[in-house]
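Q: Compact mmCIF, C-alpha atoms and all ligand atoms, file structure.txt:
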# COMPACT_ATOMS: atom_id res chain seq x y z
CA MET A 145 303.11 -22.92 161.84
CA LYS A 146 304.49 -19.57 162.85
CA ILE A 147 304.49 -16.58 160.52
CA ASP A 148 307.32 -14.11 160.78
CA LYS A 149 306.33 -10.68 162.12
CA ILE A 150 307.57 -8.85 159.06
CA GLU A 151 305.87 -11.31 156.76
CA LYS A 152 302.59 -10.71 158.62
CA ARG A 153 303.02 -6.97 158.14
CA VAL A 154 303.62 -7.43 154.42
CA ILE A 155 300.48 -9.57 154.09
CA ILE A 156 298.34 -7.05 156.00
CA THR A 157 299.74 -4.14 153.95
CA ALA A 158 299.08 -6.00 150.69
CA MET A 159 295.48 -6.76 151.75
CA CYS A 160 294.91 -3.10 152.66
CA MET A 161 296.27 -2.04 149.27
CA MET A 162 293.93 -4.48 147.52
CA GLY A 163 290.99 -3.17 149.52
CA LEU A 164 291.92 0.41 148.66
CA PHE A 165 292.22 -0.51 144.99
CA VAL A 166 288.78 -2.14 144.87
CA PHE A 167 287.28 0.77 146.80
CA SER A 168 288.83 3.30 144.38
CA LEU A 169 287.43 1.40 141.39
CA LEU A 170 283.92 1.29 142.84
CA TYR A 171 284.15 4.92 143.93
CA ALA A 172 285.21 6.03 140.43
CA LYS A 173 282.47 3.92 138.86
CA THR A 174 279.72 5.51 140.95
CA LYS A 175 280.99 9.06 141.46
CA TYR A 176 282.35 9.73 137.95
CA LYS A 177 280.08 7.22 136.24
CA SER A 178 283.13 5.78 134.55
CA ASN A 179 282.48 2.75 132.46
CA VAL A 180 284.40 -0.25 133.73
CA PRO A 181 284.53 -2.87 130.96
CA GLU A 182 282.81 -6.17 131.67
CA CYS A 183 284.14 -9.63 131.00
CA LEU A 184 281.45 -11.88 129.52
CA PRO A 185 281.41 -15.67 129.39
CA TYR A 186 283.06 -16.92 126.22
CA ASP A 187 280.75 -17.56 123.31
CA LYS A 188 281.86 -18.45 119.78
CA ALA A 189 279.20 -16.09 118.36
CA TYR A 190 281.40 -13.13 119.27
CA THR A 191 284.33 -14.39 117.20
CA ASN A 192 282.48 -13.51 114.00
CA PRO A 193 283.13 -9.79 113.29
CA LYS A 194 279.95 -7.81 112.63
CA ILE A 195 277.90 -4.71 113.26
CA ASN A 196 274.32 -5.16 114.43
CA GLN A 197 271.91 -2.28 114.37
CA ILE A 198 269.49 -2.67 117.27
CA ASP A 199 267.54 0.55 116.59
CA ASP A 200 268.18 4.08 115.18
CA LYS A 201 270.80 4.94 117.74
CA THR A 202 271.88 1.64 119.24
CA TYR A 203 274.51 -0.61 117.77
CA GLN A 204 276.41 -3.74 118.69
CA VAL A 205 279.90 -4.22 117.31
CA PHE A 206 281.58 -7.62 117.51
CA SER A 207 285.19 -6.53 117.16
CA VAL A 208 287.75 -9.22 116.49
CA ALA A 209 291.45 -8.43 116.80
CA SER A 210 294.09 -10.50 115.06
CA MET A 211 297.62 -10.06 113.77
CA TRP A 212 297.44 -7.25 112.61
CA LYS A 213 294.00 -5.90 112.10
CA PHE A 214 290.67 -5.16 113.71
CA GLU A 215 287.52 -6.47 112.07
CA PRO A 216 285.32 -4.62 111.23
CA ALA A 217 287.88 -1.95 110.23
CA GLU A 218 285.32 0.78 109.58
CA ILE A 219 282.24 1.36 111.68
CA TYR A 220 279.74 3.90 110.31
CA ILE A 221 277.18 5.23 112.77
CA PRO A 222 274.98 8.32 113.12
CA VAL A 223 275.61 11.06 115.70
CA GLY A 224 274.27 10.26 119.17
CA SER A 225 274.67 6.51 118.77
CA GLU A 226 275.37 4.20 121.64
CA VAL A 227 277.64 1.33 120.74
CA ASP A 228 278.24 -1.87 122.69
CA PHE A 229 281.66 -3.16 121.76
CA TYR A 230 282.23 -6.89 122.27
CA LEU A 231 285.91 -7.58 121.90
CA THR A 232 287.96 -10.71 121.47
CA SER A 233 291.19 -11.84 119.81
CA LYS A 234 291.94 -14.62 117.35
CA ASP A 235 295.55 -15.04 118.44
CA VAL A 236 297.76 -13.07 120.82
CA VAL A 237 296.75 -10.33 123.27
CA HIS A 238 295.92 -7.04 121.56
CA GLY A 239 294.86 -3.67 122.89
CA PHE A 240 291.75 -1.69 122.02
CA ASN A 241 292.05 2.01 122.66
CA ILE A 242 289.81 4.90 121.66
CA ALA A 243 291.70 7.84 123.16
CA GLU A 244 288.93 10.45 122.74
CA LYS A 245 286.47 8.21 124.55
CA ASP A 246 288.68 6.91 127.37
CA VAL A 247 288.24 3.35 126.13
CA ASN A 248 291.03 1.03 127.13
CA MET A 249 290.45 -2.70 126.78
CA MET A 250 292.43 -5.81 126.11
CA ALA A 251 291.53 -8.26 123.38
CA VAL A 252 292.19 -11.72 124.72
CA SER A 253 291.65 -14.97 122.89
CA GLY A 254 289.00 -17.05 124.66
CA ALA A 255 287.54 -14.06 126.50
CA ILE A 256 284.92 -11.46 125.61
CA ASN A 257 285.32 -7.93 126.94
CA LYS A 258 282.49 -5.49 126.64
CA THR A 259 282.13 -1.75 126.96
CA THR A 260 279.49 0.78 125.95
CA VAL A 261 280.39 4.08 124.31
CA LYS A 262 278.17 6.97 123.30
CA PHE A 263 279.30 9.05 120.31
CA GLU A 264 277.72 12.47 120.67
CA LYS A 265 279.93 14.44 118.28
CA PRO A 266 280.51 13.78 114.58
CA GLY A 267 284.00 12.83 113.53
CA VAL A 268 286.43 10.02 113.02
CA TYR A 269 287.46 8.13 116.15
CA ASN A 270 290.55 6.00 115.81
CA ILE A 271 290.79 2.61 117.45
CA VAL A 272 294.40 1.59 117.94
CA CYS A 273 296.14 -1.45 119.33
CA HIS A 274 298.16 -0.37 122.34
CA GLU A 275 299.56 -3.73 123.43
CA TYR A 276 302.67 -4.69 121.49
CA CYS A 277 301.61 -7.71 119.47
CA GLY A 278 304.32 -8.28 116.88
CA VAL A 279 305.96 -6.76 113.82
CA GLY A 280 302.72 -5.37 112.35
CA HIS A 281 301.58 -3.78 115.59
CA GLN A 282 301.97 -0.18 114.41
CA ASN A 283 299.60 -0.80 111.47
CA MET A 284 296.83 -2.16 113.63
CA HIS A 285 293.93 0.26 113.74
CA ALA A 286 290.26 0.74 112.90
CA GLN A 287 287.89 3.69 112.77
CA VAL A 288 284.52 4.66 114.10
CA ILE A 289 283.07 7.14 111.62
CA VAL A 290 280.28 9.16 113.15
CA ASN A 291 277.71 10.79 110.84
CA TYR A 292 279.69 10.27 107.68
CA PRO A 293 278.08 8.43 104.79
CA LYS A 294 279.47 5.04 103.93
CA ALA A 295 281.83 5.12 100.92
CA LYS A 296 280.68 3.00 98.00
CU CU A 301 297.63 -5.82 118.18
Show me, as structure tokens, the structure contained in the file I just sent.
Ligand SMILES: [Cu+2]
A:
Amino acid sequence: MKIDKIEKRVIITAMCMMGLFVFSLLYAKTKYKSNVPECLPYDKAYTNPKINQIDDKTYQVFSVASMWKFEPAEIYIPVGSEVDFYLTSKDVVHGFNIAEKDVNMMAVSGAINKTTVKFEKPGVYNIVCHEYCGVGHQNMHAQVIVNYPKAK
């Protein structure tokens, strides 16, 4: 089978672009220590929304997105906490964005995405859905509340 010259060029160019893309990702990860989210093997345990406290400053959040909410909706943690977010969706694809922390993940049903975020300053960090997911999309948000007492 013979491949057309132009087609060959397109394939080589595409492969170079892919190589450059992977290189850029790895470069950014090492040089700027940027946190590239991981994709974990699917486990039903993560579909149950909860907050686990590992120690004083380490938390695990199992965040479950669905039309049109995030569970848990309010996450109270002390200043300086490191949080592992495990994210999944119950239905369609949702987004998970914490603008102040450069967190940008997708919530996909049947997949678990993980990222680690350190909250060094007190305040309220908004989590918003940034993937259009239906008529209630604009109401879909949650909050990470750092160093504020939990309301009774
Ligand atoms: Cu959504």
Q: Which neighbours of segment 246-252 of chain A fall inside 12 Å, counting all atoms listed in the file, when residues of the same chain fewer than 3 positions from it are skipped, and could you give them as a ChimeraX atom specification?
A: /A:178-184,186,190-191,206-211,213-214,228-243,255-263,269-277
Q: Here is a test: counting only C-alpha atoms, which residue of A:Tyr220, A:Glu226, A:Tyr176, A:Phe167 is nearest to Asp199 of chain A?
A: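 Smallest distance to Asp199 of chain A is found for A:Glu226.
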Q: Could you tell me which of A:Glu244, A:Tyr171, A:Lys177, A:Ile219 comes closest to Asn196 of chain A if we count only C-alpha atoms?
A: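 That would be A:Ile219, the residue with the smallest distance to Asn196 of chain A.
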Q: Write out as an NGL selection string the residues lying within 9 Å of Ala217 of chain A, counting all atoms listed in the file and excluding same-chain residues fewer than 5 positions away.
A: :A and (207 or 285-288)
Q: Would you save the residues from that selection as a JSON list (two decimals), in the frame of the given file, using C-alpha atoms?
A:
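Final output, saved to selection_16.json:
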[["chain", "number", "residue", "atom", "x", "y", "z"],
["A", 207, "SER", "CA", 285.19, -6.53, 117.16],
["A", 285, "HIS", "CA", 293.93, 0.26, 113.74],
["A", 286, "ALA", "CA", 290.26, 0.74, 112.90],
["A", 287, "GLN", "CA", 287.89, 3.69, 112.77],
["A", 288, "VAL", "CA", 284.52, 4.66, 114.10]]
Q: In Å, rounded to a single decimal, give me how far atom CA of Ile198 of chain A is from atom CA of Ile221 of chain A.
A: 11.9 Å
Q: Counting all atoms listed in the file, figure out which residue out of A:Ile289, A:Met284, A:Val227, A:Lys173 gets nearest to ligand CU 301 (chain A).
A: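 Smallest distance to ligand CU 301 (chain A) is found for A:Met284.
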Q: How big is the axis-aligned box around the listed atoms of segment 226-244 of chain A once 5 Å is added on each side, and where is its centre? Give both in Å to one decimal, as AutoDock Vina command-line options.
A:
--center_x 286.6 --center_y -2.3 --center_z 120.3 --size_x 32.4 --size_y 35.5 --size_z 15.9
Q: What's the separation between atom CA of Lys201 of chain A and atom CA of Glu218 of chain A, in Å to one decimal place?
A: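 That distance, rounded to one decimal, is 17.2 Å.
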Q: Just to confirm, what's the straight-line distance from atom CA of Val279 of chain A to atom CA of Asp187 of chain A in Å (one decimal)?
A: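 Value for the atom CA of Val279 of chain A-atom CA of Asp187 of chain A distance: 29.0 Å.
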Q: Considering all atoms listed in the file, can you say which of A:Trp212, A:Lys265, A:Asn291, A:Ile147 comes closest to ligand CU 301 (chain A)?
A: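 Result for the nearest residue to ligand CU 301 (chain A): A:Trp212.
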Q: Measuring between all atoms listed in the file, which one of A:Val268, A:Ala172, A:Ile155, A:Ala189 shows the shortest distance to Val223 of chain A?
A: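 Ranking A:Val268, A:Ala172, A:Ile155, A:Ala189 by distance to Val223 of chain A, first place goes to A:Val268.
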Q: When you count all atoms listed in the file, which of these residues is closest to ligand CU 301 (chain A): A:Pro266, A:Met145, A:Ser225, A:Glu215?
A: A:Glu215
